[in-house]
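What's in coords-v1.txt: compact mmCIF, N, CA and C atoms and all ligand atoms
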```txt
# COMPACT_ATOMS: atom_id res chain seq x y z
N MET A 10 -1.25 12.89 1.67
CA MET A 10 -2.69 12.88 1.86
C MET A 10 -3.12 13.74 3.06
N ILE A 11 -2.24 13.92 4.07
CA ILE A 11 -2.65 14.65 5.27
C ILE A 11 -1.89 15.97 5.40
N GLY A 12 -1.07 16.32 4.42
CA GLY A 12 -0.37 17.59 4.44
C GLY A 12 0.84 17.62 5.35
N VAL A 13 1.28 16.46 5.80
CA VAL A 13 2.46 16.35 6.65
C VAL A 13 3.42 15.38 5.98
N SER A 14 4.70 15.70 5.99
CA SER A 14 5.66 14.86 5.29
C SER A 14 6.07 13.65 6.13
N ARG A 15 5.22 12.65 6.15
CA ARG A 15 5.49 11.40 6.85
C ARG A 15 5.02 10.27 5.97
N ARG A 16 5.65 9.13 6.08
CA ARG A 16 5.26 7.98 5.27
C ARG A 16 4.65 6.93 6.20
N ILE A 17 3.35 7.00 6.36
CA ILE A 17 2.64 6.09 7.25
C ILE A 17 1.39 5.61 6.53
N ILE A 18 1.17 4.30 6.56
CA ILE A 18 -0.10 3.78 6.04
C ILE A 18 -0.73 2.90 7.11
N VAL A 19 -2.03 2.92 7.14
CA VAL A 19 -2.81 2.07 8.04
C VAL A 19 -3.91 1.45 7.19
N PHE A 20 -4.06 0.14 7.32
CA PHE A 20 -5.05 -0.53 6.47
C PHE A 20 -5.59 -1.76 7.20
N ASP A 21 -6.71 -2.24 6.68
CA ASP A 21 -7.33 -3.45 7.22
C ASP A 21 -6.59 -4.67 6.68
N CYS A 22 -6.03 -5.43 7.59
CA CYS A 22 -5.28 -6.63 7.21
C CYS A 22 -5.97 -7.83 7.85
N GLY A 23 -6.91 -8.40 7.12
CA GLY A 23 -7.62 -9.56 7.63
C GLY A 23 -8.45 -9.27 8.87
N GLY A 24 -9.04 -8.09 8.94
CA GLY A 24 -9.92 -7.75 10.06
C GLY A 24 -9.23 -6.97 11.17
N GLU A 25 -7.92 -6.76 11.07
CA GLU A 25 -7.21 -5.96 12.07
C GLU A 25 -6.47 -4.84 11.37
N TYR A 26 -6.41 -3.69 12.03
CA TYR A 26 -5.65 -2.59 11.45
C TYR A 26 -4.16 -2.86 11.57
N MET A 27 -3.47 -2.58 10.50
CA MET A 27 -2.01 -2.74 10.49
C MET A 27 -1.39 -1.40 10.12
N THR A 28 -0.38 -1.00 10.86
CA THR A 28 0.31 0.27 10.62
C THR A 28 1.70 -0.03 10.09
N MET A 29 2.07 0.67 9.03
CA MET A 29 3.42 0.56 8.47
C MET A 29 4.04 1.96 8.40
N LEU A 30 5.23 2.08 8.96
CA LEU A 30 6.00 3.32 8.85
C LEU A 30 7.05 3.12 7.78
N ASN A 31 7.20 4.09 6.91
CA ASN A 31 8.19 4.06 5.84
C ASN A 31 8.14 2.77 5.01
N PRO A 32 6.95 2.37 4.56
CA PRO A 32 6.85 1.12 3.79
C PRO A 32 7.51 1.26 2.42
N GLU A 33 8.15 0.17 2.01
CA GLU A 33 8.82 0.13 0.71
C GLU A 33 8.64 -1.27 0.12
N ILE A 34 8.17 -1.31 -1.10
CA ILE A 34 8.03 -2.61 -1.78
C ILE A 34 9.39 -3.01 -2.32
N ILE A 35 9.90 -4.14 -1.85
CA ILE A 35 11.23 -4.55 -2.28
C ILE A 35 11.19 -5.72 -3.26
N ARG A 36 10.03 -6.33 -3.44
CA ARG A 36 9.88 -7.39 -4.43
C ARG A 36 8.41 -7.46 -4.84
N PHE A 37 8.19 -7.70 -6.12
CA PHE A 37 6.81 -7.82 -6.58
C PHE A 37 6.76 -8.80 -7.72
N SER A 38 5.61 -9.46 -7.87
CA SER A 38 5.44 -10.41 -8.96
C SER A 38 3.97 -10.50 -9.32
N GLY A 39 3.71 -10.96 -10.53
CA GLY A 39 2.34 -11.17 -10.98
C GLY A 39 1.62 -9.90 -11.36
N PRO A 40 2.15 -9.14 -12.33
CA PRO A 40 1.47 -7.89 -12.70
C PRO A 40 0.10 -8.16 -13.30
N PHE A 41 -0.81 -7.25 -13.02
CA PHE A 41 -2.14 -7.34 -13.64
C PHE A 41 -2.74 -5.94 -13.75
N ASP A 42 -3.69 -5.80 -14.67
CA ASP A 42 -4.39 -4.54 -14.84
C ASP A 42 -5.56 -4.49 -13.87
N ALA A 43 -5.58 -3.46 -13.04
CA ALA A 43 -6.63 -3.31 -12.04
C ALA A 43 -7.44 -2.06 -12.33
N GLU A 44 -8.61 -1.99 -11.73
CA GLU A 44 -9.41 -0.78 -11.76
C GLU A 44 -9.79 -0.47 -10.32
N GLU A 45 -9.39 0.71 -9.85
CA GLU A 45 -9.56 1.05 -8.44
C GLU A 45 -10.31 2.35 -8.25
N GLY A 46 -10.95 2.45 -7.12
CA GLY A 46 -11.50 3.70 -6.66
C GLY A 46 -10.60 4.23 -5.56
N CYS A 47 -10.83 5.49 -5.17
CA CYS A 47 -10.03 6.12 -4.13
C CYS A 47 -10.93 7.07 -3.36
N LEU A 48 -10.78 7.13 -2.06
CA LEU A 48 -11.60 8.03 -1.26
C LEU A 48 -11.33 9.49 -1.59
N SER A 49 -10.19 9.77 -2.24
CA SER A 49 -9.83 11.14 -2.61
C SER A 49 -10.36 11.56 -3.97
N LEU A 50 -10.91 10.62 -4.73
CA LEU A 50 -11.36 10.90 -6.09
C LEU A 50 -12.72 10.27 -6.31
N SER A 51 -13.44 10.77 -7.27
CA SER A 51 -14.69 10.12 -7.63
C SER A 51 -14.45 9.16 -8.79
N GLY A 52 -15.23 8.12 -8.84
CA GLY A 52 -15.11 7.15 -9.93
C GLY A 52 -13.97 6.18 -9.73
N THR A 53 -13.66 5.43 -10.78
CA THR A 53 -12.57 4.46 -10.74
C THR A 53 -11.61 4.75 -11.88
N ARG A 54 -10.41 4.21 -11.75
CA ARG A 54 -9.38 4.40 -12.76
C ARG A 54 -8.58 3.11 -12.92
N LYS A 55 -8.05 2.95 -14.12
CA LYS A 55 -7.23 1.78 -14.40
C LYS A 55 -5.81 2.02 -13.90
N THR A 56 -5.20 0.97 -13.38
CA THR A 56 -3.83 1.06 -12.91
C THR A 56 -3.19 -0.32 -12.98
N LYS A 57 -1.88 -0.39 -12.84
CA LYS A 57 -1.16 -1.66 -12.86
C LYS A 57 -0.80 -2.03 -11.42
N ARG A 58 -1.08 -3.24 -11.04
CA ARG A 58 -0.74 -3.74 -9.70
C ARG A 58 -0.06 -5.09 -9.82
N TYR A 59 0.43 -5.57 -8.68
CA TYR A 59 1.09 -6.88 -8.62
C TYR A 59 0.35 -7.76 -7.62
N ARG A 60 0.24 -9.04 -7.95
CA ARG A 60 -0.52 -9.96 -7.10
C ARG A 60 0.20 -10.27 -5.79
N SER A 61 1.53 -10.25 -5.82
CA SER A 61 2.30 -10.55 -4.62
C SER A 61 3.40 -9.50 -4.45
N ILE A 62 3.55 -9.00 -3.23
CA ILE A 62 4.59 -8.02 -2.94
C ILE A 62 5.27 -8.37 -1.63
N LYS A 63 6.54 -8.02 -1.55
CA LYS A 63 7.27 -8.12 -0.29
C LYS A 63 7.57 -6.70 0.15
N VAL A 64 7.21 -6.39 1.40
CA VAL A 64 7.31 -5.02 1.90
C VAL A 64 8.28 -4.97 3.08
N ARG A 65 9.16 -3.97 3.05
CA ARG A 65 10.00 -3.67 4.21
C ARG A 65 9.41 -2.42 4.87
N TYR A 66 9.19 -2.48 6.16
CA TYR A 66 8.58 -1.35 6.86
C TYR A 66 9.00 -1.40 8.33
N GLN A 67 8.64 -0.35 9.04
CA GLN A 67 8.82 -0.34 10.49
C GLN A 67 7.45 -0.45 11.13
N ASN A 68 7.38 -1.22 12.20
CA ASN A 68 6.12 -1.31 12.93
C ASN A 68 6.03 -0.14 13.92
N GLU A 69 5.00 -0.13 14.72
CA GLU A 69 4.79 0.99 15.64
C GLU A 69 5.86 1.09 16.72
N GLN A 70 6.65 0.03 16.90
CA GLN A 70 7.76 0.06 17.85
C GLN A 70 9.07 0.40 17.12
N LEU A 71 8.95 0.82 15.85
CA LEU A 71 10.07 1.21 15.00
C LEU A 71 10.99 0.04 14.65
N GLN A 72 10.50 -1.18 14.80
CA GLN A 72 11.28 -2.35 14.43
C GLN A 72 11.10 -2.60 12.93
N ILE A 73 12.19 -2.91 12.25
CA ILE A 73 12.12 -3.19 10.82
C ILE A 73 11.54 -4.59 10.60
N ARG A 74 10.60 -4.67 9.71
CA ARG A 74 9.93 -5.93 9.39
C ARG A 74 9.92 -6.15 7.89
N LEU A 75 9.93 -7.41 7.49
CA LEU A 75 9.76 -7.82 6.10
C LEU A 75 8.58 -8.76 6.07
N ARG A 76 7.66 -8.53 5.14
CA ARG A 76 6.49 -9.41 5.08
C ARG A 76 5.95 -9.44 3.65
N THR A 77 5.51 -10.61 3.26
CA THR A 77 4.94 -10.79 1.93
C THR A 77 3.43 -10.75 2.03
N PHE A 78 2.81 -10.06 1.10
CA PHE A 78 1.35 -9.93 1.03
C PHE A 78 0.89 -10.33 -0.37
N SER A 79 -0.34 -10.80 -0.44
CA SER A 79 -0.89 -11.14 -1.76
C SER A 79 -2.36 -10.75 -1.80
N GLY A 80 -2.91 -10.82 -3.00
CA GLY A 80 -4.34 -10.57 -3.18
C GLY A 80 -4.75 -9.14 -2.86
N TRP A 81 -5.94 -9.04 -2.30
CA TRP A 81 -6.55 -7.73 -2.03
C TRP A 81 -5.69 -6.89 -1.09
N THR A 82 -5.11 -7.52 -0.06
CA THR A 82 -4.26 -6.78 0.87
C THR A 82 -3.05 -6.19 0.15
N ALA A 83 -2.45 -6.97 -0.74
CA ALA A 83 -1.31 -6.47 -1.52
C ALA A 83 -1.73 -5.27 -2.37
N GLN A 84 -2.92 -5.34 -2.94
CA GLN A 84 -3.40 -4.25 -3.79
C GLN A 84 -3.62 -2.98 -2.95
N ILE A 85 -4.19 -3.13 -1.78
CA ILE A 85 -4.41 -1.97 -0.90
C ILE A 85 -3.07 -1.33 -0.52
N ILE A 86 -2.10 -2.15 -0.17
CA ILE A 86 -0.80 -1.61 0.22
C ILE A 86 -0.17 -0.84 -0.93
N GLN A 87 -0.25 -1.39 -2.15
CA GLN A 87 0.31 -0.68 -3.32
C GLN A 87 -0.38 0.66 -3.51
N HIS A 88 -1.70 0.69 -3.35
CA HIS A 88 -2.47 1.93 -3.50
C HIS A 88 -2.00 2.96 -2.46
N GLU A 89 -1.87 2.53 -1.22
CA GLU A 89 -1.51 3.47 -0.15
C GLU A 89 -0.06 3.93 -0.27
N ILE A 90 0.84 3.05 -0.68
CA ILE A 90 2.23 3.47 -0.89
C ILE A 90 2.31 4.46 -2.04
N ASP A 91 1.49 4.26 -3.07
CA ASP A 91 1.42 5.26 -4.15
C ASP A 91 1.09 6.63 -3.57
N HIS A 92 0.14 6.68 -2.64
CA HIS A 92 -0.22 7.97 -2.02
C HIS A 92 0.99 8.56 -1.31
N CYS A 93 1.75 7.73 -0.60
CA CYS A 93 2.95 8.22 0.09
C CYS A 93 3.94 8.83 -0.90
N ASN A 94 3.91 8.32 -2.13
CA ASN A 94 4.82 8.82 -3.16
C ASN A 94 4.19 9.92 -4.00
N GLY A 95 3.04 10.43 -3.55
CA GLY A 95 2.40 11.54 -4.25
C GLY A 95 1.63 11.13 -5.48
N ILE A 96 1.33 9.84 -5.61
CA ILE A 96 0.63 9.34 -6.79
C ILE A 96 -0.83 9.07 -6.45
N LEU A 97 -1.70 9.67 -7.23
CA LEU A 97 -3.12 9.34 -7.18
C LEU A 97 -3.44 8.55 -8.44
N ILE A 98 -4.20 7.50 -8.32
CA ILE A 98 -4.54 6.73 -9.51
C ILE A 98 -5.40 7.59 -10.42
ZN ZN A 101 -6.59 6.37 -2.46
```

Hey, can you dump this file as structure tokens for me?
Amino acid sequence: MIGVSRRIIVFDCGGEYMTMLNPEIIRFSGPFDAEEGCLSLSGTRKTKRYRSIKVRYQNEQLQIRLRTFSGWTAQIIQHEIDHCNGILI
């Protein structure tokens, strides 16, 4: 998304910004059909997401963390990790 080969996402996590370096979804459950918009595209598109995901990432201190997310936050993380993988919905 920024023209630099780095895997970094920053998103609103319950009112606070959360930064993940090299995020990777290592477990997911509860698939559902979603319709999302993207700041890089106009309109919305259908995509498949999961209600719950477990993510392995490094925090800003480069410490490896594992954390489970659900709901809207999980959906945002999936969207942003797709961008890291070159996928636009
Ligand atoms: Zn997007």

Residue list (strand (DSSP E or B), DSSP) for segment 46-83 of chain A, as a ChimeraX atom specification: /A:46,53-67,73-79

Neighbour list for segment 43-59 of chain A as a ChimeraX atom specification, cut-off 6.5 Å, all atoms listed in the file, skip fewer than 2 positions in-chain: /A:37-41,61-62,80,83-84,98

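With distances taken over all atoms listed in the file, A:Val64 is the one residue among A:Ile17, A:Val64, A:Ile86, A:Ile73 lying closest to Arg36 of chain A.
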
Chain A: residues DSSP assigns to alpha helix (DSSP H), reported as number ranges by chain: A: 80-93

Generate a file of the selected residues that holds N, CA and C atoms, formatted as a PDB file, in the coordinates of the input.
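Contents of selection05.pdb, as written:
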```pdb
ATOM      1  N   GLY A  80      -2.910 -10.820  -3.000  1.00  0.00           N
ATOM      2  CA  GLY A  80      -4.340 -10.570  -3.180  1.00  0.00           C
ATOM      3  C   GLY A  80      -4.750  -9.140  -2.860  1.00  0.00           C
ATOM      4  N   TRP A  81      -5.940  -9.040  -2.300  1.00  0.00           N
ATOM      5  CA  TRP A  81      -6.550  -7.730  -2.030  1.00  0.00           C
ATOM      6  C   TRP A  81      -5.690  -6.890  -1.090  1.00  0.00           C
ATOM      7  N   THR A  82      -5.110  -7.520  -0.060  1.00  0.00           N
ATOM      8  CA  THR A  82      -4.260  -6.780   0.870  1.00  0.00           C
ATOM      9  C   THR A  82      -3.050  -6.190   0.150  1.00  0.00           C
ATOM     10  N   ALA A  83      -2.450  -6.970  -0.740  1.00  0.00           N
ATOM     11  CA  ALA A  83      -1.310  -6.470  -1.520  1.00  0.00           C
ATOM     12  C   ALA A  83      -1.730  -5.270  -2.370  1.00  0.00           C
ATOM     13  N   GLN A  84      -2.920  -5.340  -2.940  1.00  0.00           N
ATOM     14  CA  GLN A  84      -3.400  -4.250  -3.790  1.00  0.00           C
ATOM     15  C   GLN A  84      -3.620  -2.980  -2.950  1.00  0.00           C
ATOM     16  N   ILE A  85      -4.190  -3.130  -1.780  1.00  0.00           N
ATOM     17  CA  ILE A  85      -4.410  -1.970  -0.900  1.00  0.00           C
ATOM     18  C   ILE A  85      -3.070  -1.330  -0.520  1.00  0.00           C
ATOM     19  N   ILE A  86      -2.100  -2.150  -0.170  1.00  0.00           N
ATOM     20  CA  ILE A  86      -0.800  -1.610   0.220  1.00  0.00           C
ATOM     21  C   ILE A  86      -0.170  -0.840  -0.930  1.00  0.00           C
ATOM     22  N   GLN A  87      -0.250  -1.390  -2.150  1.00  0.00           N
ATOM     23  CA  GLN A  87       0.310  -0.680  -3.320  1.00  0.00           C
ATOM     24  C   GLN A  87      -0.380   0.660  -3.510  1.00  0.00           C
ATOM     25  N   HIS A  88      -1.700   0.690  -3.350  1.00  0.00           N
ATOM     26  CA  HIS A  88      -2.470   1.930  -3.500  1.00  0.00           C
ATOM     27  C   HIS A  88      -2.000   2.960  -2.460  1.00  0.00           C
ATOM     28  N   GLU A  89      -1.870   2.530  -1.220  1.00  0.00           N
ATOM     29  CA  GLU A  89      -1.510   3.470  -0.150  1.00  0.00           C
ATOM     30  C   GLU A  89      -0.060   3.930  -0.270  1.00  0.00           C
ATOM     31  N   ILE A  90       0.840   3.050  -0.680  1.00  0.00           N
ATOM     32  CA  ILE A  90       2.230   3.470  -0.890  1.00  0.00           C
ATOM     33  C   ILE A  90       2.310   4.460  -2.040  1.00  0.00           C
ATOM     34  N   ASP A  91       1.490   4.260  -3.070  1.00  0.00           N
ATOM     35  CA  ASP A  91       1.420   5.260  -4.150  1.00  0.00           C
ATOM     36  C   ASP A  91       1.090   6.630  -3.570  1.00  0.00           C
ATOM     37  N   HIS A  92       0.140   6.680  -2.640  1.00  0.00           N
ATOM     38  CA  HIS A  92      -0.220   7.970  -2.020  1.00  0.00           C
ATOM     39  C   HIS A  92       0.990   8.560  -1.310  1.00  0.00           C
ATOM     40  N   CYS A  93       1.750   7.730  -0.600  1.00  0.00           N
ATOM     41  CA  CYS A  93       2.950   8.220   0.090  1.00  0.00           C
ATOM     42  C   CYS A  93       3.940   8.830  -0.900  1.00  0.00           C
TER      43      CYS A  93
END
```

Given only N, CA and C atoms and all ligand atoms as the counted atoms, nearest of A:Gln67, A:His88, A:Arg16, A:Met29 to ligand ZN 101 (chain A): A:His88

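Here atom CA of Ile35 of chain A stands at a distance of 18.1 Å from atom CA of Trp81 of chain A.
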
Contacts of Phe20 of chain A within 8 Å, only N, CA and C atoms, excl. fewer than 5 positions in-chain, as a PyMOL selection string: chain A and resi 25-29+85-86

Two-atom distance - atom CA of Asp21 of chain A, atom CA of His92 of chain A (Å): 16.3 Å
